[in-house]
$ cat model_27.txt   # compact mmCIF, C-alpha atoms
# COMPACT_ATOMS: atom_id res chain seq x y z
CA MET A 1 152.24 -61.72 52.59
CA ALA A 2 153.73 -61.92 56.10
CA ILE A 3 151.86 -65.14 56.58
CA LEU A 4 153.39 -66.56 53.41
CA VAL A 5 156.89 -65.69 54.61
CA LYS A 6 156.15 -67.28 57.96
CA MET A 7 154.89 -70.38 56.25
CA GLU A 8 157.96 -70.58 54.11
CA ASN A 9 160.22 -70.17 57.14
CA TYR A 10 158.30 -72.91 58.88
CA LEU A 11 158.61 -75.26 55.93
CA ASP A 12 162.33 -74.57 55.68
CA SER A 13 162.84 -75.14 59.38
CA ARG A 14 161.25 -78.57 59.25
CA PRO A 15 163.67 -81.45 59.08
CA LYS A 16 163.98 -82.78 55.56
CA LYS A 17 162.11 -86.02 55.08
CA ALA A 18 164.85 -88.55 55.60
CA ALA A 19 164.63 -92.32 55.36
CA GLY A 20 166.29 -95.19 57.19
CA LEU A 21 168.71 -94.39 59.97
CA ARG A 22 168.71 -90.73 58.98
CA ALA A 23 165.02 -90.43 59.83
CA VAL A 24 164.22 -88.60 63.07
CA SER A 25 161.77 -91.34 64.00
CA TRP A 26 159.97 -94.36 62.63
CA SER A 27 156.32 -95.27 63.04
CA PRO A 28 155.73 -96.87 66.46
CA TYR A 29 154.00 -99.75 64.65
CA LEU A 30 157.10 -100.35 62.57
CA VAL A 31 159.30 -100.20 65.68
CA GLY A 32 156.98 -102.58 67.54
CA THR A 33 157.01 -105.00 64.61
CA GLY A 34 160.80 -104.82 64.63
CA ILE A 35 161.00 -105.62 68.35
CA GLY A 36 158.53 -108.47 67.85
CA MET A 37 160.64 -109.94 65.03
CA LEU A 38 163.77 -109.45 67.12
CA SER A 39 162.06 -111.66 69.72
CA TRP A 40 161.52 -114.38 67.10
CA ALA A 41 165.22 -114.30 66.31
CA ALA A 42 166.24 -114.29 69.98
CA PHE A 43 163.97 -117.25 70.79
CA TYR A 44 164.94 -119.28 67.76
CA LEU A 45 168.65 -118.55 67.43
CA VAL A 46 169.81 -118.48 71.07
CA ASN A 47 166.72 -119.61 73.02
CA LYS A 48 166.97 -116.52 75.20
CA PRO A 49 164.32 -113.77 75.39
CA ILE A 50 165.30 -110.11 75.36
CA GLY A 51 165.84 -108.56 78.80
CA MET A 52 167.91 -105.85 80.40
CA SER A 53 167.50 -105.67 84.18
CA THR A 54 169.40 -108.89 84.99
CA GLU A 55 172.54 -107.46 83.44
CA VAL A 56 172.11 -104.25 85.44
CA SER A 57 171.90 -106.37 88.63
CA LYS A 58 175.12 -108.12 87.60
CA LEU A 59 176.73 -104.70 87.21
CA SER A 60 175.52 -103.99 90.76
CA GLY A 61 177.42 -107.07 91.89
CA TRP A 62 180.54 -105.90 90.10
CA PHE A 63 180.10 -102.45 91.67
CA ALA A 64 179.72 -103.96 95.15
CA SER A 65 182.83 -106.09 94.59
CA LEU A 66 184.89 -102.90 94.34
CA PHE A 67 184.13 -102.32 98.03
CA VAL A 68 183.81 -105.76 99.57
CA GLY A 69 185.60 -107.99 97.06
CA MET A 70 184.16 -110.54 94.60
CA GLU A 71 184.27 -113.38 97.12
CA LYS A 72 181.77 -111.70 99.39
CA VAL A 73 179.61 -110.76 96.40
CA THR A 74 179.36 -114.30 95.07
CA ALA A 75 178.60 -115.51 98.60
CA ASN A 76 175.44 -113.38 98.53
CA GLY A 77 172.22 -115.35 98.06
CA TYR A 78 171.17 -113.36 95.01
CA TRP A 79 174.49 -112.91 93.22
CA SER A 80 175.47 -116.54 93.75
CA GLY A 81 172.74 -117.39 91.25
CA THR A 82 173.25 -114.31 89.07
CA LYS A 83 177.02 -114.16 88.91
CA PRO A 84 178.52 -110.89 87.75
CA GLY A 85 180.79 -111.30 84.74
CA PHE A 86 181.26 -110.40 81.12
CA GLY A 87 178.96 -112.38 78.86
CA TYR A 88 176.03 -112.42 76.45
CA GLU A 89 173.93 -109.95 78.44
CA THR A 90 176.85 -107.55 78.89
CA ILE A 91 177.40 -107.44 75.15
CA PHE A 92 173.67 -106.98 74.58
CA LEU A 93 173.61 -103.99 76.96
CA ILE A 94 176.65 -102.32 75.39
CA ALA A 95 175.35 -102.98 71.87
CA THR A 96 171.97 -101.47 72.78
CA ALA A 97 173.72 -98.28 73.80
CA LEU A 98 175.82 -98.38 70.63
CA GLY A 99 172.74 -98.85 68.44
CA ALA A 100 170.97 -95.91 70.07
CA PHE A 101 174.13 -93.81 69.74
CA LEU A 102 174.55 -94.54 66.02
CA SER A 103 170.87 -94.01 65.37
CA SER A 104 170.78 -90.66 67.19
CA ARG A 105 173.97 -89.47 65.49
CA ARG A 106 172.69 -90.39 62.04
CA SER A 107 169.39 -88.60 62.56
CA GLY A 108 170.82 -85.61 64.38
CA ASN A 109 168.77 -86.45 67.49
CA PHE A 110 171.86 -86.77 69.68
CA ALA A 111 171.82 -83.96 72.24
CA TRP A 112 173.24 -83.47 75.72
CA GLU A 113 170.27 -83.22 78.05
CA LYS A 114 170.33 -82.56 81.78
CA VAL A 115 166.73 -81.52 82.32
CA PRO A 116 163.97 -82.64 79.92
CA SER A 117 161.19 -80.21 78.98
CA VAL A 118 158.27 -81.99 80.69
CA TRP A 119 160.26 -81.96 83.92
CA SER A 120 161.39 -78.33 83.65
CA ALA A 121 157.85 -77.14 82.86
CA ARG A 122 156.81 -78.41 86.29
CA TYR A 123 159.96 -78.31 88.43
CA GLY A 124 162.12 -75.68 86.77
CA SER A 125 165.44 -76.04 85.00
CA GLY A 126 167.51 -76.75 88.13
CA THR A 127 169.82 -79.69 87.48
CA ALA A 128 170.18 -80.99 91.06
CA ARG A 129 166.48 -81.70 91.52
CA ARG A 130 166.24 -83.63 88.29
CA MET A 131 169.38 -85.63 89.01
CA ILE A 132 168.15 -86.61 92.49
CA ALA A 133 164.77 -87.70 91.09
CA ALA A 134 166.47 -89.75 88.37
CA PHE A 135 168.82 -91.38 90.89
CA VAL A 136 166.06 -92.24 93.37
CA GLY A 137 163.82 -93.39 90.51
CA GLY A 138 166.65 -95.63 89.32
CA ILE A 139 166.98 -97.26 92.74
CA ILE A 140 163.22 -97.89 92.96
CA ILE A 141 162.85 -99.16 89.40
CA LEU A 142 165.58 -101.76 89.69
CA TYR A 143 164.50 -102.90 93.13
CA GLY A 144 160.99 -103.34 91.74
CA ALA A 145 162.26 -105.15 88.66
CA ARG A 146 164.15 -107.62 90.82
CA ILE A 147 161.24 -108.36 93.15
CA ALA A 148 158.99 -108.87 90.12
CA GLY A 149 161.62 -110.85 88.23
CA GLY A 150 161.95 -108.62 85.18
CA CYS A 151 161.58 -105.18 83.60
CA THR A 152 159.76 -103.65 80.66
CA SER A 153 161.81 -105.86 78.34
CA GLY A 154 161.88 -109.15 80.26
CA HIS A 155 158.32 -108.96 81.60
CA GLY A 156 156.73 -106.18 79.53
CA ILE A 157 157.60 -107.59 76.12
CA SER A 158 159.26 -111.02 76.34
CA GLY A 159 156.95 -112.26 79.11
CA THR A 160 153.65 -110.83 77.92
CA LEU A 161 154.22 -112.17 74.41
CA GLN A 162 154.44 -115.67 75.90
CA LEU A 163 151.15 -115.00 77.71
CA ALA A 164 152.86 -115.39 81.09
CA VAL A 165 150.48 -114.65 83.95
CA SER A 166 153.24 -112.94 85.96
CA SER A 167 154.13 -110.60 83.08
CA TRP A 168 150.58 -109.42 82.45
CA VAL A 169 150.09 -108.76 86.16
CA PHE A 170 153.40 -106.85 86.17
CA PHE A 171 152.28 -104.85 83.12
CA ILE A 172 148.99 -103.82 84.76
CA SER A 173 150.54 -103.10 88.17
CA MET A 174 153.27 -100.96 86.57
CA PHE A 175 150.77 -98.89 84.61
CA ALA A 176 148.53 -98.40 87.63
CA THR A 177 151.19 -96.94 89.92
CA GLY A 178 152.84 -95.09 87.01
CA ILE A 179 149.59 -93.26 86.28
CA VAL A 180 149.09 -92.40 89.96
CA THR A 181 152.68 -91.18 90.29
CA ALA A 182 152.39 -89.06 87.15
CA ALA A 183 149.12 -87.58 88.42
CA LEU A 184 150.78 -86.62 91.71
CA MET A 185 153.94 -85.28 90.09
CA PHE A 186 152.50 -83.48 87.09
CA ARG A 187 149.32 -81.62 86.43
CA PHE A 188 146.95 -83.25 84.00
CA GLY A 189 145.82 -81.15 81.08
CA LYS A 190 148.22 -78.31 80.35
CA SER A 191 151.86 -79.14 80.94
CA MET B 192 174.34 -125.05 62.04
CA ASN B 193 171.93 -126.27 64.68
CA PHE B 194 169.81 -123.80 66.60
CA PRO B 195 169.58 -122.67 69.33
CA LEU B 196 173.22 -121.76 69.78
CA SER B 197 174.82 -121.51 73.19
CA THR B 198 174.85 -117.91 74.44
CA SER B 199 178.49 -118.40 75.41
CA SER B 200 179.57 -119.60 71.95
CA PRO B 201 181.38 -117.08 69.72
CA THR B 202 178.41 -116.90 67.33
CA GLY B 203 176.05 -116.53 70.30
CA LEU B 204 178.07 -113.59 71.58
CA LEU B 205 178.13 -112.10 68.09
CA LEU B 206 174.34 -112.38 67.98
CA ALA B 207 174.12 -110.61 71.37
CA GLY B 208 175.90 -107.69 69.71
CA LEU B 209 173.67 -107.80 66.65
CA PHE B 210 170.45 -108.06 68.68
CA GLY B 211 171.54 -105.24 70.99
CA LEU B 212 172.46 -103.03 68.05
CA VAL B 213 169.05 -103.56 66.43
CA PHE B 214 167.26 -103.11 69.77
CA GLY B 215 169.07 -99.82 70.43
CA ILE B 216 168.28 -98.50 66.96
CA LEU B 217 164.62 -99.47 67.35
CA LEU B 218 164.34 -97.80 70.77
CA GLU B 219 165.91 -94.59 69.46
CA LYS B 220 163.83 -94.55 66.27
CA GLY B 221 160.76 -95.26 68.37
CA ARG B 222 161.54 -92.07 70.37
CA VAL B 223 161.39 -93.97 73.66
CA THR B 224 164.88 -92.72 74.51
CA ASP B 225 163.07 -89.42 75.15
CA TYR B 226 162.06 -88.82 78.78
CA ASN B 227 159.08 -86.73 77.64
CA VAL B 228 157.64 -89.52 75.48
CA ILE B 229 157.77 -92.04 78.35
CA VAL B 230 156.42 -89.77 81.09
CA ASN B 231 153.67 -88.46 78.80
CA LEU B 232 152.33 -91.99 78.39
CA PHE B 233 151.42 -92.00 82.07
CA ARG B 234 149.80 -88.57 81.62
CA PHE B 235 147.71 -89.85 78.68
CA ARG B 236 149.36 -87.35 76.35
CA ASP B 237 151.56 -89.56 74.19
CA PHE B 238 150.80 -93.18 73.40
CA THR B 239 153.96 -94.03 71.47
CA VAL B 240 155.17 -96.45 74.16
CA LEU B 241 151.83 -98.28 74.27
CA LYS B 242 151.69 -98.59 70.47
CA ILE B 243 155.21 -100.00 70.35
CA MET B 244 154.63 -102.44 73.19
CA LEU B 245 151.29 -103.76 71.97
CA THR B 246 152.60 -104.20 68.41
CA ALA B 247 155.72 -105.97 69.71
CA ILE B 248 153.58 -108.28 71.86
CA LEU B 249 151.25 -109.14 68.97
CA VAL B 250 153.90 -109.68 66.31
CA GLY B 251 156.36 -111.33 68.68
CA GLY B 252 153.79 -113.42 70.50
CA ILE B 253 151.98 -114.82 67.48
CA GLY B 254 155.30 -115.65 65.81
CA VAL B 255 156.68 -117.35 68.90
CA ALA B 256 153.43 -119.26 69.43
CA VAL B 257 153.50 -120.51 65.82
CA MET B 258 157.17 -121.56 66.14
CA MET B 259 156.38 -123.29 69.42
CA ARG B 260 153.47 -125.14 67.85
CA GLY B 261 155.77 -126.11 64.97
CA GLY B 262 158.15 -127.63 67.51
CA ILE B 263 161.20 -125.57 66.52
CA LEU B 264 161.63 -123.80 69.87
CA GLU B 265 163.15 -125.37 72.97
CA GLY B 266 160.39 -124.23 75.30
CA TRP B 267 158.77 -121.29 77.04
CA HIS B 268 160.69 -118.84 79.23
CA ILE B 269 158.02 -117.97 81.76
CA LYS B 270 158.83 -115.97 84.87
CA GLU B 271 157.51 -117.20 88.19
CA MET B 272 154.11 -115.92 89.26
CA ASN B 273 154.99 -114.86 92.80
CA THR B 274 151.79 -112.91 93.27
CA LEU B 275 152.94 -110.50 95.98
CA GLY B 276 156.37 -110.02 94.42
CA VAL B 277 155.03 -109.34 90.94
CA ILE B 278 152.36 -106.90 92.12
CA LEU B 279 154.68 -105.12 94.55
CA GLY B 280 157.60 -105.15 92.12
CA GLY B 281 155.46 -103.96 89.22
CA GLY B 282 154.05 -101.23 91.47
CA LEU B 283 157.49 -100.02 92.51
CA PHE B 284 158.57 -100.23 88.89
CA GLY B 285 155.78 -97.87 87.79
CA VAL B 286 156.72 -95.32 90.46
CA GLY B 287 160.40 -95.57 89.53
CA MET B 288 159.67 -95.33 85.82
CA VAL B 289 157.91 -91.98 86.18
CA LEU B 290 160.56 -90.59 88.55
CA TYR B 291 163.45 -91.81 86.41
CA GLY B 292 161.61 -91.30 83.13
CA TYR B 293 163.05 -94.48 81.68
CA CYS B 294 163.08 -98.21 82.20
CA PRO B 295 166.32 -100.21 82.28
CA GLY B 296 166.43 -100.79 78.50
CA THR B 297 165.42 -97.31 77.38
CA GLY B 298 167.65 -95.79 80.08
CA VAL B 299 170.72 -97.55 78.69
CA ALA B 300 169.78 -96.41 75.18
CA ALA B 301 169.04 -92.84 76.32
CA ILE B 302 172.48 -92.44 77.91
CA ALA B 303 173.95 -93.06 74.46
CA THR B 304 171.79 -90.31 72.94
CA GLY B 305 173.27 -87.75 75.36
CA SER B 306 170.79 -87.88 78.25
CA ILE B 307 172.88 -87.14 81.32
CA HIS B 308 170.02 -87.66 83.78
CA ALA B 309 169.55 -91.12 82.23
CA LEU B 310 173.12 -91.85 83.34
CA THR B 311 172.42 -90.59 86.86
CA GLY B 312 169.38 -92.86 87.00
CA PHE B 313 171.48 -95.74 85.70
CA LEU B 314 173.81 -95.30 88.67
CA GLY B 315 170.68 -95.34 90.83
CA MET B 316 169.70 -98.65 89.21
CA VAL B 317 173.13 -100.10 90.03
CA VAL B 318 172.64 -99.05 93.66
CA GLY B 319 169.10 -100.46 93.59
CA GLY B 320 170.55 -103.80 92.54
CA VAL B 321 172.89 -103.70 95.54
CA PHE B 322 169.94 -102.97 97.84
CA TYR B 323 168.13 -105.95 96.39
CA ALA B 324 171.05 -108.31 96.88
CA VAL B 325 171.54 -107.09 100.46
CA THR B 326 167.85 -107.60 101.31
CA TYR B 327 167.51 -110.78 99.21
CA GLY B 328 167.35 -113.11 102.19
CA TRP B 329 164.36 -111.28 103.59
CA VAL B 330 162.65 -110.73 100.23
CA LYS B 331 162.98 -114.39 99.33
CA THR B 332 161.15 -115.62 102.43
CA ALA B 333 158.79 -112.73 103.19
CA VAL B 334 157.75 -111.62 99.68
CA LEU B 335 158.56 -114.11 96.94
CA THR B 336 156.82 -117.02 98.65
CA VAL B 337 153.48 -115.22 99.06
CA GLY B 338 151.00 -116.47 96.48
CA ALA B 339 153.68 -118.27 94.49
CA THR B 340 151.93 -120.33 91.81
CA GLY B 341 154.89 -121.12 89.56
CA LYS B 342 155.50 -120.53 85.85
CA THR B 343 151.89 -120.16 84.82
CA ARG B 344 150.52 -119.09 81.44
CA LEU B 345 147.19 -117.46 80.67
CA PRO B 346 145.81 -120.31 78.50
CA GLU B 347 146.32 -122.94 81.21
CA SER B 348 145.29 -120.65 84.09
CA THR B 349 142.09 -119.42 82.49
CA GLY B 350 141.06 -122.35 80.32
CA ILE B 351 140.78 -119.96 77.36
CA PRO B 352 142.85 -121.53 74.54
CA GLU B 353 145.99 -119.95 73.10
CA PHE B 354 144.46 -118.90 69.74
CA ALA B 355 141.48 -117.31 71.49
CA TRP B 356 143.85 -115.21 73.61
CA TRP B 357 145.53 -113.94 70.47
CA ILE B 358 142.19 -113.08 68.88
CA ILE B 359 141.22 -111.19 72.05
CA LEU B 360 144.55 -109.36 72.27
CA ALA B 361 144.64 -108.53 68.56
CA THR B 362 141.08 -107.21 68.60
CA ALA B 363 141.69 -105.15 71.75
CA SER B 364 144.95 -103.74 70.37
CA LEU B 365 143.47 -102.80 67.00
CA LEU B 366 140.58 -101.13 68.79
CA ILE B 367 143.01 -99.16 70.96
CA PHE B 368 145.09 -98.18 67.90
CA ARG B 369 141.94 -97.00 66.15
CA ILE B 370 140.84 -94.87 69.10
CA LEU B 371 144.33 -93.42 69.49
CA GLY B 372 144.48 -92.75 65.74
CA LYS B 373 141.29 -90.72 65.96
CA ARG B 374 142.75 -88.58 68.73
CA GLY B 375 145.04 -87.17 66.06
CA LYS B 376 148.74 -87.32 65.44
CA ALA B 377 149.40 -84.46 67.87
CA ASN B 378 149.00 -86.89 70.70
CA GLY B 379 151.56 -89.26 69.25
$ encode --input "model_27.txt" --output "structure tokens"
Amino acid sequence: MAILVKMENYLDSRPKKAAGLRAVSWSPYLVGTGIGMLSWAAFYLVNKPIGMSTEVSKLSGWFASLFVGMEKVTANGYWSGTKPGFGYETIFLIATALGAFLSSRRSGNFAWEKVPSVWSARYGSGTARRMIAAFVGGIIILYGARIAGGCTSGHGISGTLQLAVSSWVFFISMFATGIVTAALMFRFGKS
Amino acid sequence: MNFPLSTSSPTGLLLAGLFGLVFGILLEKGRVTDYNVIVNLFRFRDFTVLKIMLTAILVGGIGVAVMMRGGILEGWHIKEMNTLGVILGGGLFGVGMVLYGYCPGTGVAAIATGSIHALTGFLGMVVGGVFYAVTYGWVKTAVLTVGATGKTRLPESTGIPEFAWWIILATASLLIFRILGKRGKANG
């Protein structure tokens, strides 16, 4: 009898099967198909593959201009070719955030999170540690993306799908060091 | 209307908004705005990211290849194969991705789902971009020139034709999906 009550409680506590934007998640195969078709549209309609890290680098230029002025920024060897400014990629970045926001609000997934569970299981629930790791990780990831010429979007999806040699090498290299880093940072097996 | 449109035209900018919106929804619905899902890929505990990426590559790649063959696309957008840069950059990227728990795209999306540490990491990315620009002169001569072979593609570099690559990739992906499927849904 107790088991039946437990089962009933469990069934009630499960999120109701919702469809569309209200769904908590979609099948990864459906999501992948969607991103693939989005690439078709991006190639055909604007002749520009999906990417994110270039816009972040442009934001870096804008950020630097607050301290040294835009003239010095555009005189830089990198930013002279990747000029900071509001444009297609800026809108794409903002709209990506907006899409994720709407989606998470509709499904009820939106939640303020300072320390995720996989992190806290290993490093505790202290906020400072997690924030420092995220900040340092952010520095490394963008520096790496720039040296390689792209990120998970620009290389990992848009580049690999064109069978670019550089993108497949990036993909493999990223997984290799990611696995090593995860092995050093987290215990395998039980979390 | 003739395609492709200029990315600076009003319709082009409107499409940037539409594409971003769809991309953000897909990332959130794919659960890759969740730190745990991304980090657990590298711990072999959750293969959601891999499933999404391989499916996107297959669907996107075969479609783009067909459109290219049909002559309706302007041309490829291949990134330079600067061997040292790509290996080193990809390597740093993997380290950063596990520390941060996101990549640039999923990080941006995660901020909008309430992840505060994703925002902290985003600020880190902005600083990382400054570091890159400051060191660009050195990187350009010391790193990017090493083993630079240009905008190469697998079919030309290996002599294995385009369609054969897609058969290989499709077979490998389906095999991986099948193995992951057998591991049970608990592992994502």
$ closest_residue --input "model_27.txt" --among "B:Leu241, B:Leu314, B:Ala300, B:Ile358" --to "A:Pro28" --atoms "all atoms listed in the file"
B:Leu241
$ closest_atom_pairs --input "model_27.txt" --of "stretch 280-359 of chain B" --to "stretch 99-104 of chain A" --cutoff "12 Å" --atoms "all atoms listed in the file" --output "Markdown table"
| residue | atom | partner | partner_atom | distance |
| --- | --- | --- | --- | --- |
| B:Gly296 | CA | A:Ala100 | CA | 10.7 |
| B:Thr297 | CA | A:Ala100 | CA | 9.3 |
| B:Gly298 | CA | A:Ala100 | CA | 10.5 |
| B:Val299 | CA | A:Ala100 | CA | 8.8 |
| B:Ala300 | CA | A:Ala100 | CA | 5.3 |
| B:Ala301 | CA | A:Ala100 | CA | 7.2 |
| B:Ile302 | CA | A:Phe101 | CA | 8.4 |
| B:Ala303 | CA | A:Phe101 | CA | 4.8 |
| B:Thr304 | CA | A:Phe101 | CA | 5.3 |
| B:Gly305 | CA | A:Phe101 | CA | 8.3 |
| B:Ser306 | CA | A:Phe101 | CA | 10.9 |
$ write_last_selection --input "model_27.txt" --atoms "C-alpha atoms" --output "CSV table (one decimal), in the coordinates of the input"
chain,number,residue,atom,x,y,z
B,296,GLY,CA,166.4,-100.8,78.5
B,297,THR,CA,165.4,-97.3,77.4
B,298,GLY,CA,167.6,-95.8,80.1
B,299,VAL,CA,170.7,-97.6,78.7
B,300,ALA,CA,169.8,-96.4,75.2
B,301,ALA,CA,169.0,-92.8,76.3
B,302,ILE,CA,172.5,-92.4,77.9
B,303,ALA,CA,174.0,-93.1,74.5
B,304,THR,CA,171.8,-90.3,72.9
B,305,GLY,CA,173.3,-87.8,75.4
B,306,SER,CA,170.8,-87.9,78.2
$ residues_around --input "model_27.txt" --residues "A:Leu93" --least-positions-apart "6" --cutoff "12 Å" --atoms "all atoms listed in the file" --output "PyMOL selection string"
(chain A and resi 50-56+58-59+86-87+99-100) or (chain B and resi 204+207-215+295-300+302-303)
$ closest_residue --input "model_27.txt" --among "A:Arg187, A:Leu66, A:Lys72, A:Trp26" --to "chain B" --atoms "all atoms listed in the file"
A:Trp26
$ closest_residue --input "model_27.txt" --among "A:Tyr78, A:Trp168, A:Phe67, A:Trp62" --to "chain B" --atoms "all atoms listed in the file"
A:Tyr78
$ closest_residue --input "model_27.txt" --among "A:Ser153, A:Thr127, A:Thr90, A:Thr177" --to "B:Ile243" --atoms "only C-alpha atoms"
A:Ser153
$ atom_distance --input "model_27.txt" --atom1 "atom CA of A:Ile35" --atom2 "atom CA of A:Gly156"
12.0 Å
$ residues_around --input "model_27.txt" --residues "B:Thr311" --least-positions-apart "2" --cutoff "12 Å" --atoms "only C-alpha atoms" --output "count of residues only"
35
$ residues_around --input "model_27.txt" --residues "A:Ser167" --least-positions-apart "3" --cutoff "10 Å" --atoms "only C-alpha atoms" --output "ChimeraX atom specification"
/A:148-152,154-164,170-173 /B:269-272,277-278,281,343-344
$ closest_residue --input "model_27.txt" --among "A:Ala75, A:Gly108, A:Gly85, A:Tyr143" --to "A:Leu21" --atoms "only C-alpha atoms"
A:Gly108
$ closest_residue --input "model_27.txt" --among "B:Thr224, B:Gly341, B:Gly319, B:Gly262" --to "chain A" --atoms "only C-alpha atoms"
B:Gly319
$ atom_distance --input "model_27.txt" --atom1 "atom CA of A:Pro84" --atom2 "atom CA of B:Thr336"
25.0 Å
$ atom_distance --input "model_27.txt" --atom1 "atom CA of B:Gly282" --atom2 "atom CA of A:Ser80"
26.4 Å
